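File shown: structure13.csv (CSV, N, CA and C atoms).
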```csv
chain,number,residue,atom,x,y,z
A,1,MET,N,0.8,-1.2,0.0
A,1,MET,CA,0.0,0.0,0.0
A,1,MET,C,0.9,1.2,0.0
A,2,ASN,N,0.5,2.2,-0.8
A,2,ASN,CA,1.2,3.4,-0.9
A,2,ASN,C,1.2,4.2,0.4
A,3,PRO,N,2.3,4.7,0.9
A,3,PRO,CA,2.3,5.4,2.2
A,3,PRO,C,1.5,6.7,2.2
A,4,ILE,N,1.4,7.3,1.0
A,4,ILE,CA,0.6,8.5,0.9
A,4,ILE,C,-0.8,8.2,1.3
A,5,TYR,N,-1.4,7.2,0.7
A,5,TYR,CA,-2.8,6.9,1.1
A,5,TYR,C,-2.9,6.4,2.5
A,6,LYS,N,-1.9,5.8,3.0
A,6,LYS,CA,-2.0,5.4,4.5
A,6,LYS,C,-2.1,6.6,5.4
A,7,TRP,N,-1.2,7.6,5.1
A,7,TRP,CA,-1.3,8.8,6.0
A,7,TRP,C,-2.5,9.6,5.8
A,8,MET,N,-3.0,9.7,4.5
A,8,MET,CA,-4.2,10.4,4.3
A,8,MET,C,-5.4,9.7,5.0
A,9,GLY,N,-5.3,8.4,5.1
A,9,GLY,CA,-6.4,7.6,5.8
A,9,GLY,C,-6.3,7.8,7.3
A,10,ILE,N,-5.1,7.9,7.8
A,10,ILE,CA,-4.9,8.2,9.2
A,10,ILE,C,-5.4,9.5,9.6
A,11,VAL,N,-5.2,10.5,8.8
A,11,VAL,CA,-5.7,11.9,9.1
A,11,VAL,C,-7.2,11.9,9.0
A,12,LEU,N,-7.7,11.2,8.0
A,12,LEU,CA,-9.2,11.1,7.8
A,12,LEU,C,-9.8,10.4,9.0
A,13,ALA,N,-9.2,9.3,9.5
A,13,ALA,CA,-9.7,8.6,10.6
A,13,ALA,C,-9.7,9.4,11.9
A,14,ALA,N,-8.7,10.2,12.1
A,14,ALA,CA,-8.6,11.1,13.2
A,14,ALA,C,-9.7,12.1,13.2
A,15,GLY,N,-10.0,12.6,12.0
A,15,GLY,CA,-11.1,13.6,11.8
A,15,GLY,C,-12.4,13.0,12.1
A,16,VAL,N,-12.7,11.8,11.6
A,16,VAL,CA,-13.9,11.1,11.8
A,16,VAL,C,-14.1,10.9,13.3
A,17,ALA,N,-13.0,10.5,14.0
A,17,ALA,CA,-13.1,10.3,15.4
A,17,ALA,C,-13.5,11.6,16.2
A,18,LEU,N,-12.9,12.7,15.7
A,18,LEU,CA,-13.3,14.0,16.3
A,18,LEU,C,-14.8,14.3,16.1
A,19,ILE,N,-15.3,14.0,14.9
A,19,ILE,CA,-16.7,14.3,14.6
A,19,ILE,C,-17.6,13.4,15.5
A,20,VAL,N,-17.2,12.1,15.6
A,20,VAL,CA,-18.0,11.2,16.5
A,20,VAL,C,-18.1,11.7,17.9
A,21,ILE,N,-16.9,12.1,18.4
A,21,ILE,CA,-16.8,12.6,19.8
A,21,ILE,C,-17.6,13.9,19.9
A,22,GLU,N,-17.5,14.8,19.0
A,22,GLU,CA,-18.3,16.1,19.0
A,22,GLU,C,-19.8,15.8,19.0
A,23,VAL,N,-20.2,14.9,18.2
A,23,VAL,CA,-21.7,14.7,18.1
A,23,VAL,C,-22.2,14.1,19.4
A,24,ARG,N,-21.4,13.1,20.0
A,24,ARG,CA,-21.8,12.5,21.3
A,24,ARG,C,-21.9,13.5,22.4
A,25,VAL,N,-20.9,14.4,22.5
A,25,VAL,CA,-20.9,15.4,23.5
A,25,VAL,C,-22.0,16.4,23.3
A,26,ALA,N,-22.3,16.8,22.1
A,26,ALA,CA,-23.4,17.7,21.8
A,26,ALA,C,-24.7,17.1,22.1
A,27,LYS,N,-24.9,15.9,21.9
A,27,LYS,CA,-26.2,15.2,22.2
A,27,LYS,C,-26.5,15.1,23.7
A,28,ASN,N,-25.4,15.0,24.4
A,28,ASN,CA,-25.5,14.9,25.9
A,28,ASN,C,-25.7,16.2,26.6
A,29,LYS,N,-25.6,17.3,25.9
A,29,LYS,CA,-25.8,18.6,26.5
A,29,LYS,C,-27.2,18.8,26.9
A,30,LYS,N,-27.5,19.8,27.8
A,30,LYS,CA,-28.8,20.0,28.2
A,30,LYS,C,-29.7,20.5,27.1
A,31,GLU,N,-29.2,21.3,26.2
A,31,GLU,CA,-30.0,21.8,25.1
A,31,GLU,C,-30.2,20.8,23.9
A,32,GLY,N,-29.3,19.8,23.9
A,32,GLY,CA,-29.4,18.8,22.8
A,32,GLY,C,-28.5,19.3,21.7
A,33,PHE,N,-28.7,18.7,20.5
A,33,PHE,CA,-27.9,19.0,19.3
A,33,PHE,C,-28.5,20.2,18.7
A,34,THR,N,-27.8,21.3,18.7
A,34,THR,CA,-28.3,22.6,18.1
A,34,THR,C,-27.7,22.9,16.7
A,35,ALA,N,-28.2,24.0,16.1
A,35,ALA,CA,-27.7,24.4,14.8
A,35,ALA,C,-26.2,24.8,14.9
A,36,THR,N,-25.8,25.4,16.0
A,36,THR,CA,-24.4,25.7,16.2
A,36,THR,C,-23.5,24.4,16.2
A,37,ASP,N,-24.0,23.4,16.9
A,37,ASP,CA,-23.3,22.1,16.9
A,37,ASP,C,-23.2,21.5,15.5
A,38,LYS,N,-24.2,21.7,14.7
A,38,LYS,CA,-24.2,21.2,13.3
A,38,LYS,C,-23.1,21.9,12.5
A,39,LYS,N,-23.0,23.2,12.7
A,39,LYS,CA,-22.0,24.0,12.0
A,39,LYS,C,-20.6,23.6,12.4
A,40,ARG,N,-20.4,23.3,13.7
A,40,ARG,CA,-19.1,22.9,14.1
A,40,ARG,C,-18.7,21.5,13.6
A,41,VAL,N,-19.7,20.6,13.5
A,41,VAL,CA,-19.4,19.3,12.9
A,41,VAL,C,-19.1,19.4,11.4
A,42,VAL,N,-19.9,20.2,10.7
A,42,VAL,CA,-19.6,20.4,9.3
A,42,VAL,C,-18.2,21.0,9.1
A,43,GLY,N,-17.9,22.0,9.9
A,43,GLY,CA,-16.6,22.6,9.9
A,43,GLY,C,-15.4,21.6,10.1
A,44,ILE,N,-15.6,20.8,11.1
A,44,ILE,CA,-14.6,19.7,11.4
A,44,ILE,C,-14.5,18.8,10.2
A,45,PHE,N,-15.6,18.5,9.6
A,45,PHE,CA,-15.6,17.6,8.4
A,45,PHE,C,-14.7,18.2,7.3
A,46,TRP,N,-15.0,19.5,7.0
A,46,TRP,CA,-14.2,20.1,5.9
A,46,TRP,C,-12.8,20.3,6.2
A,47,LEU,N,-12.5,20.6,7.5
A,47,LEU,CA,-11.1,20.7,7.9
A,47,LEU,C,-10.4,19.4,7.8
A,48,THR,N,-11.1,18.3,8.1
A,48,THR,CA,-10.5,17.0,7.9
A,48,THR,C,-10.2,16.7,6.5
A,49,ILE,N,-11.1,17.0,5.6
A,49,ILE,CA,-10.8,16.8,4.2
A,49,ILE,C,-9.6,17.6,3.7
A,50,PHE,N,-9.6,18.9,4.1
A,50,PHE,CA,-8.5,19.8,3.7
A,50,PHE,C,-7.2,19.2,4.2
A,51,PHE,N,-7.1,18.9,5.5
A,51,PHE,CA,-5.8,18.4,6.0
A,51,PHE,C,-5.4,17.1,5.5
A,52,SER,N,-6.4,16.2,5.1
A,52,SER,CA,-6.0,15.0,4.5
A,52,SER,C,-5.4,15.2,3.1
A,53,LEU,N,-6.0,16.1,2.4
A,53,LEU,CA,-5.5,16.4,1.0
A,53,LEU,C,-4.2,17.1,1.2
A,54,LEU,N,-4.0,18.0,2.2
A,54,LEU,CA,-2.7,18.7,2.4
A,54,LEU,C,-1.6,17.7,2.7
A,55,VAL,N,-1.9,16.7,3.6
A,55,VAL,CA,-0.9,15.7,3.9
A,55,VAL,C,-0.5,14.9,2.6
A,56,GLY,N,-1.5,14.5,1.9
A,56,GLY,CA,-1.2,13.8,0.6
A,56,GLY,C,-0.5,14.6,-0.4
A,57,GLY,N,-0.8,15.9,-0.5
A,57,GLY,CA,-0.1,16.8,-1.4
A,57,GLY,C,1.3,17.0,-1.0
A,58,VAL,N,1.6,17.3,0.2
A,58,VAL,CA,2.9,17.5,0.7
A,58,VAL,C,3.8,16.3,0.5
A,59,MET,N,3.2,15.1,0.8
A,59,MET,CA,4.0,13.9,0.6
A,59,MET,C,4.3,13.6,-0.8
A,60,TRP,N,3.3,13.9,-1.7
A,60,TRP,CA,3.5,13.7,-3.1
A,60,TRP,C,4.5,14.6,-3.7
A,61,LEU,N,4.6,15.9,-3.2
A,61,LEU,CA,5.5,16.8,-3.7
A,61,LEU,C,6.9,16.7,-3.2
A,62,SER,N,7.0,16.0,-2.0
A,62,SER,CA,8.3,15.9,-1.4
A,62,SER,C,9.2,14.9,-2.2
A,63,PRO,N,10.5,15.1,-2.2
A,63,PRO,CA,11.4,14.2,-2.9
A,63,PRO,C,11.5,12.9,-2.1
A,64,ASP,N,11.8,11.9,-2.9
A,64,ASP,CA,11.9,10.5,-2.2
A,64,ASP,C,13.2,10.5,-1.5
```

Using the file provided, produce a representation of the structure as structure tokens.
Amino acid sequence: MNPIYKWMGIVLAAGVALIVIEVRVAKNKKEGFTATDKKRVVGIFWLTIFFSLLVGGVMWLSPD
């Protein structure tokens, strides 16, 4: 397996773990899952995608 895909997957898995934790914490709040929480989860999702692509791009551009 290509190490670039491995590290992109690791970053993606860490982001998904953060999303799962955020959703569970937000649901346990007194107010429940609000629109602000949804914005935060969507933001974490897009940051996860961005950082995964950034890691892949930096590794692809780096010399062997």

Check: Quick one, how far is CA of Val16 in chain A from CA of Glu31 in chain A?
Finding: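 Separating CA of Val16 in chain A from CA of Glu31 in chain A is a distance of 23.5 Å.
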
As an mmCIF file with N, CA and C atoms, in the coordinates of the input, please: the residues near range 35-39 of chain A (cut-off 12 Å, only C-alpha atoms, same-chain neighbours under 5 positions excluded).
```cif
data_model
loop_
_atom_site.group_PDB
_atom_site.id
_atom_site.type_symbol
_atom_site.label_atom_id
_atom_site.label_comp_id
_atom_site.auth_asym_id
_atom_site.auth_seq_id
_atom_site.Cartn_x
_atom_site.Cartn_y
_atom_site.Cartn_z
ATOM 1 N N ILE A 19 -15.300 14.000 14.900
ATOM 2 C CA ILE A 19 -16.700 14.300 14.600
ATOM 3 C C ILE A 19 -17.600 13.400 15.500
ATOM 4 N N ILE A 21 -16.900 12.100 18.400
ATOM 5 C CA ILE A 21 -16.800 12.600 19.800
ATOM 6 C C ILE A 21 -17.600 13.900 19.900
ATOM 7 N N GLU A 22 -17.500 14.800 19.000
ATOM 8 C CA GLU A 22 -18.300 16.100 19.000
ATOM 9 C C GLU A 22 -19.800 15.800 19.000
ATOM 10 N N VAL A 23 -20.200 14.900 18.200
ATOM 11 C CA VAL A 23 -21.700 14.700 18.100
ATOM 12 C C VAL A 23 -22.200 14.100 19.400
ATOM 13 N N ARG A 24 -21.400 13.100 20.000
ATOM 14 C CA ARG A 24 -21.800 12.500 21.300
ATOM 15 C C ARG A 24 -21.900 13.500 22.400
ATOM 16 N N VAL A 25 -20.900 14.400 22.500
ATOM 17 C CA VAL A 25 -20.900 15.400 23.500
ATOM 18 C C VAL A 25 -22.000 16.400 23.300
ATOM 19 N N ALA A 26 -22.300 16.800 22.100
ATOM 20 C CA ALA A 26 -23.400 17.700 21.800
ATOM 21 C C ALA A 26 -24.700 17.100 22.100
ATOM 22 N N LYS A 27 -24.900 15.900 21.900
ATOM 23 C CA LYS A 27 -26.200 15.200 22.200
ATOM 24 C C LYS A 27 -26.500 15.100 23.700
ATOM 25 N N ASN A 28 -25.400 15.000 24.400
ATOM 26 C CA ASN A 28 -25.500 14.900 25.900
ATOM 27 C C ASN A 28 -25.700 16.200 26.600
ATOM 28 N N LYS A 29 -25.600 17.300 25.900
ATOM 29 C CA LYS A 29 -25.800 18.600 26.500
ATOM 30 C C LYS A 29 -27.200 18.800 26.900
ATOM 31 N N ILE A 44 -15.600 20.800 11.100
ATOM 32 C CA ILE A 44 -14.600 19.700 11.400
ATOM 33 C C ILE A 44 -14.500 18.800 10.200
ATOM 34 N N PHE A 45 -15.600 18.500 9.600
ATOM 35 C CA PHE A 45 -15.600 17.600 8.400
ATOM 36 C C PHE A 45 -14.700 18.200 7.300
ATOM 37 N N TRP A 46 -15.000 19.500 7.000
ATOM 38 C CA TRP A 46 -14.200 20.100 5.900
ATOM 39 C C TRP A 46 -12.800 20.300 6.200
#
```

Checklist line | Pick from A:Thr34, A:Asp64, A:Leu54, A:Thr48, whichever lies nearest to Val11 in chain A using all atoms listed in the file | finding: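 For Val11 in chain A, the nearest of the candidates is A:Thr48.
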
Item checked: Which of A:Val20, A:Lys30, A:Leu47, A:Ser52 sits closest to Met8 in chain A [using all atoms listed in the file] ->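 Among the listed residues, A:Ser52 lies closest to Met8 in chain A.
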
Next item on the list: Select, from A:Ile49, A:Arg40, A:Met1, A:Val58, the residue with the minimum atom-to-atom distance to Ala14 in chain A, counting only C-alpha atoms.
Entry: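 Smallest separation from Ala14 in chain A among the options: A:Ile49.
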
Item checked: Non-local contacts of Trp7 in chain A (8 Å; all atoms listed in the file; under 4 positions in same chain excluded) as an NGL selection string -> :A and (2-3 or 11-13 or 52 or 55-56)

Item checked: helix (DSSP H, G or I) positions in chain A, given as a VMD selection string -> chain A and resid 3 to 27 35 to 61

Next item on the list: Tell me, in Å to one decimal, how far CA of Val41 in chain A is from CA of Tyr5 in chain A.
Entry: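 Taking CA of Val41 in chain A and CA of Tyr5 in chain A, their separation equals 23.8 Å.
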
Next item on the list: Would you mind reading off the distance between atom N of Ile4 in chain A and atom C of Met59 in chain A, one decimal, in Å?
Entry: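 One can read the atom N of Ile4 in chain A to atom C of Met59 in chain A distance as 7.2 Å.
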